[in-house]
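Here is the file coords_27.cif (mmCIF, C-alpha atoms).
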```
data_structure
#
loop_
_atom_site.label_atom_id
_atom_site.label_comp_id
_atom_site.auth_asym_id
_atom_site.auth_seq_id
_atom_site.Cartn_x
_atom_site.Cartn_y
_atom_site.Cartn_z
CA MET A 527 -142.83 -92.60 -184.89
CA ILE A 528 -142.44 -89.39 -182.92
CA PRO A 529 -140.98 -88.85 -179.42
CA LYS A 530 -143.46 -88.52 -176.57
CA SER A 531 -141.31 -86.23 -174.40
CA PRO A 532 -137.79 -84.78 -174.02
CA VAL A 533 -134.97 -87.09 -172.86
CA VAL A 534 -131.37 -86.49 -171.75
CA THR A 535 -128.64 -89.15 -171.59
CA GLU A 536 -124.93 -88.92 -170.85
CA LEU A 537 -121.92 -90.84 -172.05
CA GLU A 538 -118.23 -90.62 -171.21
CA ILE A 539 -115.61 -91.62 -173.76
CA LYS A 540 -111.90 -91.15 -172.98
CA GLN A 541 -112.67 -88.42 -170.43
CA SER A 542 -114.88 -86.46 -172.84
CA ARG A 543 -118.49 -85.97 -171.66
CA PHE A 544 -121.21 -86.33 -174.28
CA ILE A 545 -124.55 -85.02 -172.99
CA THR A 546 -127.33 -85.87 -175.43
CA SER A 547 -130.60 -83.97 -175.35
CA LEU A 548 -133.54 -85.12 -177.46
CA LYS A 549 -136.63 -82.95 -177.84
CA PRO A 550 -139.83 -83.22 -179.91
CA VAL A 551 -139.95 -80.42 -182.54
CA CYS A 552 -142.22 -79.55 -185.46
CA SER A 553 -139.96 -77.09 -187.30
CA LEU A 554 -136.33 -76.16 -187.91
CA VAL A 555 -136.95 -72.97 -185.90
CA GLU A 556 -137.79 -75.12 -182.86
CA HIS A 557 -134.63 -77.14 -183.55
CA GLN A 558 -132.56 -73.92 -183.39
CA GLN A 559 -134.29 -73.01 -180.11
CA HIS A 560 -133.35 -76.45 -178.75
CA ILE A 561 -129.66 -75.83 -179.58
CA ALA A 562 -129.85 -72.45 -177.79
CA GLU A 563 -131.46 -74.11 -174.74
CA CYS A 564 -128.62 -76.65 -174.56
CA GLN A 565 -126.03 -73.86 -174.79
CA GLN A 566 -127.69 -72.16 -171.82
CA LYS A 567 -128.12 -75.39 -169.82
CA TRP A 568 -124.55 -76.62 -170.34
CA PRO A 569 -122.46 -73.47 -170.77
CA GLY A 570 -118.78 -73.56 -171.63
CA ALA A 571 -118.89 -76.86 -173.56
CA ASN A 572 -116.54 -77.28 -176.53
CA HIS A 573 -119.19 -78.34 -179.05
CA TYR A 574 -122.96 -78.42 -179.47
CA CYS A 575 -123.38 -80.81 -182.39
CA SER A 576 -126.88 -81.45 -183.66
CA ALA A 577 -129.19 -83.24 -186.05
CA ALA A 578 -132.91 -82.95 -186.62
CA VAL A 579 -135.74 -84.50 -188.59
CA ALA A 580 -138.20 -81.68 -187.98
CA GLY A 581 -140.99 -83.04 -190.19
CA PRO A 582 -141.95 -86.39 -191.75
CA PRO A 583 -138.99 -88.82 -192.12
CA ASN A 584 -139.07 -88.51 -195.94
CA ASP A 585 -139.06 -84.67 -196.08
CA GLY A 586 -135.42 -83.78 -196.82
CA GLN A 587 -136.30 -80.05 -196.63
CA ARG A 588 -136.77 -80.40 -192.86
CA TYR A 589 -133.49 -82.13 -192.00
CA ALA A 590 -130.69 -80.29 -190.24
CA MET A 591 -127.22 -81.20 -189.02
CA SER A 592 -124.20 -79.39 -187.61
CA ASP A 593 -120.66 -80.43 -186.63
CA ASP A 594 -120.30 -77.19 -184.62
CA GLY A 595 -116.51 -77.02 -184.91
CA GLU A 596 -115.79 -80.76 -184.88
CA PRO A 597 -113.97 -82.03 -188.03
CA SER A 598 -116.36 -81.97 -191.00
CA GLY A 599 -118.63 -85.01 -191.21
CA THR A 600 -117.72 -86.42 -187.79
CA ALA A 601 -120.80 -85.36 -185.78
CA GLY A 602 -123.92 -83.98 -187.52
CA ARG A 603 -123.93 -86.44 -190.45
CA PRO A 604 -123.44 -89.61 -188.31
CA MET A 605 -126.16 -88.34 -185.93
CA LEU A 606 -128.59 -87.66 -188.80
CA ASN A 607 -127.82 -91.08 -190.32
CA VAL A 608 -128.87 -92.76 -187.04
CA LEU A 609 -132.15 -90.80 -187.00
CA LEU A 610 -132.96 -91.62 -190.63
CA LYS A 611 -132.15 -95.30 -190.14
CA GLN A 612 -134.60 -95.49 -187.21
CA GLU A 613 -137.33 -93.77 -189.28
CA VAL A 614 -138.20 -91.37 -186.49
CA ALA A 615 -139.68 -87.92 -187.04
CA GLU A 616 -140.35 -84.53 -185.45
CA LEU A 617 -137.31 -84.55 -183.19
CA SER A 618 -134.14 -82.62 -182.52
CA VAL A 619 -130.98 -84.13 -181.00
CA VAL A 620 -128.15 -82.02 -179.58
CA VAL A 621 -124.94 -83.60 -178.29
CA THR A 622 -123.06 -81.26 -175.95
CA ARG A 623 -119.40 -82.25 -175.68
CA TYR A 624 -117.00 -81.30 -172.94
CA PHE A 625 -113.53 -82.22 -174.27
CA GLY A 626 -111.54 -84.34 -171.82
CA GLY A 627 -108.08 -83.77 -173.26
CA ILE A 628 -107.72 -87.00 -175.27
CA LYS A 629 -108.31 -86.70 -179.02
CA LEU A 630 -110.62 -89.34 -180.45
CA GLY A 631 -109.68 -89.00 -184.13
CA THR A 632 -112.27 -88.72 -186.91
CA GLY A 633 -113.38 -92.38 -186.72
CA GLY A 634 -113.60 -92.18 -182.93
CA LEU A 635 -115.70 -89.01 -183.13
CA GLN A 636 -118.09 -90.53 -185.67
CA ARG A 637 -118.56 -93.58 -183.42
CA ALA A 638 -119.00 -91.43 -180.30
CA TYR A 639 -121.66 -89.15 -181.82
CA SER A 640 -123.49 -92.12 -183.39
CA GLN A 641 -123.42 -93.99 -180.07
CA ALA A 642 -124.68 -90.93 -178.16
CA THR A 643 -127.60 -90.63 -180.61
CA VAL A 644 -128.43 -94.36 -180.46
CA GLU A 645 -128.45 -94.27 -176.65
CA VAL A 646 -130.81 -91.30 -176.40
CA LEU A 647 -133.18 -92.97 -178.90
CA GLN A 648 -133.16 -96.16 -176.82
CA ALA A 649 -134.11 -94.12 -173.74
CA THR A 650 -136.97 -92.36 -175.54
CA GLU A 651 -140.59 -93.46 -175.63
CA PHE A 652 -142.01 -93.15 -179.15
CA ILE A 653 -145.63 -92.95 -180.21
CA GLU A 654 -147.28 -93.54 -183.58
CA LYS A 655 -148.31 -90.32 -185.30
CA LYS A 656 -151.70 -90.45 -186.94
CA VAL A 657 -152.06 -89.03 -190.43
CA ARG A 658 -155.27 -87.01 -190.34
CA LYS A 659 -157.54 -85.72 -193.05
CA ALA A 660 -160.07 -82.92 -193.06
CA ALA A 661 -163.73 -83.84 -192.77
CA TYR A 662 -166.98 -82.19 -191.83
CA ILE A 663 -170.38 -83.08 -190.42
CA HIS A 664 -173.67 -81.27 -190.04
CA TYR A 665 -176.29 -82.47 -187.55
CA ASP A 666 -179.23 -81.47 -185.36
CA TYR A 667 -178.87 -80.59 -181.70
CA ALA A 668 -180.85 -83.75 -180.85
CA ASP A 669 -177.93 -85.88 -182.11
CA GLN A 670 -175.28 -83.96 -180.16
CA LYS A 671 -174.74 -86.67 -177.51
CA ILE A 672 -174.38 -89.54 -179.99
CA VAL A 673 -172.06 -87.56 -182.27
CA SER A 674 -169.83 -86.42 -179.39
CA HIS A 675 -169.57 -90.02 -178.18
CA TRP A 676 -168.37 -91.36 -181.55
CA LEU A 677 -165.99 -88.47 -182.23
CA ALA A 678 -164.34 -89.16 -178.86
CA GLN A 679 -164.19 -92.92 -179.58
CA TYR A 680 -162.24 -92.25 -182.78
CA ASP A 681 -160.15 -89.39 -181.40
CA ALA A 682 -161.47 -86.96 -184.04
CA LEU A 683 -160.18 -83.42 -183.48
CA THR A 684 -162.63 -80.52 -183.81
CA GLU A 685 -160.93 -77.75 -185.81
CA GLN A 686 -163.94 -75.44 -186.10
CA GLN A 687 -167.53 -75.42 -184.93
CA ASP A 688 -170.54 -73.48 -185.98
CA PHE A 689 -173.81 -73.48 -184.01
CA ALA A 690 -176.72 -72.16 -186.07
CA ALA A 691 -179.95 -73.94 -187.01
CA GLY A 692 -177.88 -77.12 -186.67
CA ILE A 693 -174.31 -77.87 -185.65
CA GLU A 694 -171.51 -77.90 -188.20
CA LEU A 695 -168.06 -79.23 -187.31
CA GLN A 696 -164.80 -79.14 -189.25
CA LEU A 697 -162.80 -82.16 -188.13
CA ALA A 698 -159.38 -83.75 -188.47
CA VAL A 699 -159.90 -87.51 -188.55
CA ALA A 700 -157.19 -90.19 -188.62
CA GLU A 701 -157.07 -91.53 -192.18
CA SER A 702 -157.20 -95.11 -190.94
CA ASP A 703 -160.40 -94.40 -188.93
CA PHE A 704 -162.34 -92.38 -191.48
CA THR A 705 -164.50 -95.18 -192.93
CA ASP A 706 -165.24 -96.77 -189.54
CA LEU A 707 -166.21 -93.43 -188.00
CA ALA A 708 -168.45 -92.55 -190.97
CA GLU A 709 -170.14 -95.95 -190.62
CA ALA A 710 -170.56 -95.60 -186.82
CA LEU A 711 -172.14 -92.12 -187.10
CA LYS A 712 -174.47 -93.23 -189.87
CA ASN A 713 -175.63 -96.33 -187.95
CA ALA A 714 -175.98 -94.57 -184.59
CA THR A 715 -178.18 -91.82 -186.08
CA GLN A 716 -180.19 -93.96 -188.54
CA GLY A 717 -178.43 -92.26 -191.44
CA ARG A 718 -179.08 -88.68 -190.29
CA VAL A 719 -175.39 -87.80 -189.78
CA GLU A 720 -172.99 -88.19 -192.66
CA LEU A 721 -169.24 -87.68 -192.34
CA LYS A 722 -167.91 -85.96 -195.46
CA GLU A 723 -164.40 -85.30 -196.71
CA CYS A 724 -163.55 -81.61 -197.10
#
```

Here is the file; what I need is its structure written in the form of structure tokens.
Amino acid sequence: MIPKSPVVTELEIKQSRFITSLKPVCSLVEHQQHIAECQQKWPGANHYCSAAVAGPPNDGQRYAMSDDGEPSGTAGRPMLNVLLKQEVAELSVVVTRYFGGIKLGTGGLQRAYSQATVEVLQATEFIEKKVRKAAYIHYDYADQKIVSHWLAQYDALTEQQDFAAGIELQLAVAESDFTDLAEALKNATQGRVELKEC
């Protein structure tokens, strides 16, 4: 599941403000940009703690976390744990904290940063990400209308197109739709158009 759009929530615990910003990202570079955006948007805060799952949920190479000056293990790790438990992907979460003068202690901080992350996730609309595979088709101009119709029905993405004697398309097709789309194209064109894996 990936977030549909950015979300911001706010929480106050013992006079400390926790502003949580969630943003869809596809890389750790974008995650760093998100942290910089939060620093600009909420200047003068005490901490900008963060966690990200910038790729698929099982790709440990694309995780990130930072306590940003809070005691070690009290912010980034609890935030990342919440994200991994929810099995969400391609997102960056930054919690901007304005210290209110009352210390929360390490347990209190862990709870606060976890709660801030849980709340922003609850406020976020998630969508299913389709796993796509590369495919290609070659067809005559006469079949253009039928082919376009079925590619749209199955949300196939055109990566590359070549118009010569016939039309050749490089596609990205959802794995779960591949067989059905191949069948639909074949039937609609009396077997003239065949969807092939690259």

Next on the checklist: Ranking A:Val699, A:Cys564, A:Leu635, A:Ala577 by minimum distance to Val657 of chain A and counting all atoms listed in the file, which one comes first?
Outcome noted: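 Of A:Val699, A:Cys564, A:Leu635, A:Ala577, the one nearest Val657 of chain A, counting all atoms listed in the file, is A:Val699.
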
Item to check | atom CA of Pro582 of chain A to atom CA of Leu554 of chain A, distance in Å rounded to a single decimal | outcome: 12.3 Å

Next on the checklist: One number please: atom CA of Ala580 of chain A to atom CA of Glu616 of chain A, in Å, one decimal.
Outcome noted: 4.4 Å

Checklist entry - Suppose you want the space between atom CA of Val579 of chain A and atom CA of Val620 of chain A; what is it in Å? => result 12.0 Å

Item to check | Result set, the PyMOL selection byres ((chain A and resi 540) around 10) on current file, as a list in words | outcome: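 Going through the file, the PyMOL selection byres ((chain A and resi 540) around 10) ends up selecting Glu538, Ile539, Gln541, Ser542, Arg543, Phe625, Gly626, Gly627, Ile628, Lys629 and Leu630 of chain A.
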
Checklist entry - If we count only C-alpha atoms, what is near segment 595-610 of chain A at a cut-off of 8 Å, once residues fewer than 4 positions away on the same chain are taken out, given as number ranges by chain? => result A: 573, 575-579, 583, 590-591, 614, 632-633, 635-637, 639-640, 643-644

Item to check | Option closest in space to Leu721 of chain A, from A:Tyr624, A:Tyr662, A:Val673, A:Ala678 [counting only C-alpha atoms] | outcome: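 That would be A:Tyr662, the residue with the smallest distance to Leu721 of chain A.
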
Next on the checklist: Give me, as a ChimeraX atom specification, all polymer residues having an atom no more than 12 Å from Thr705 of chain A, counting all atoms listed in the file and skipping those fewer than 4 positions away in the same chain.
Outcome noted: /A:659,661,680,699-701,709-712,720-723
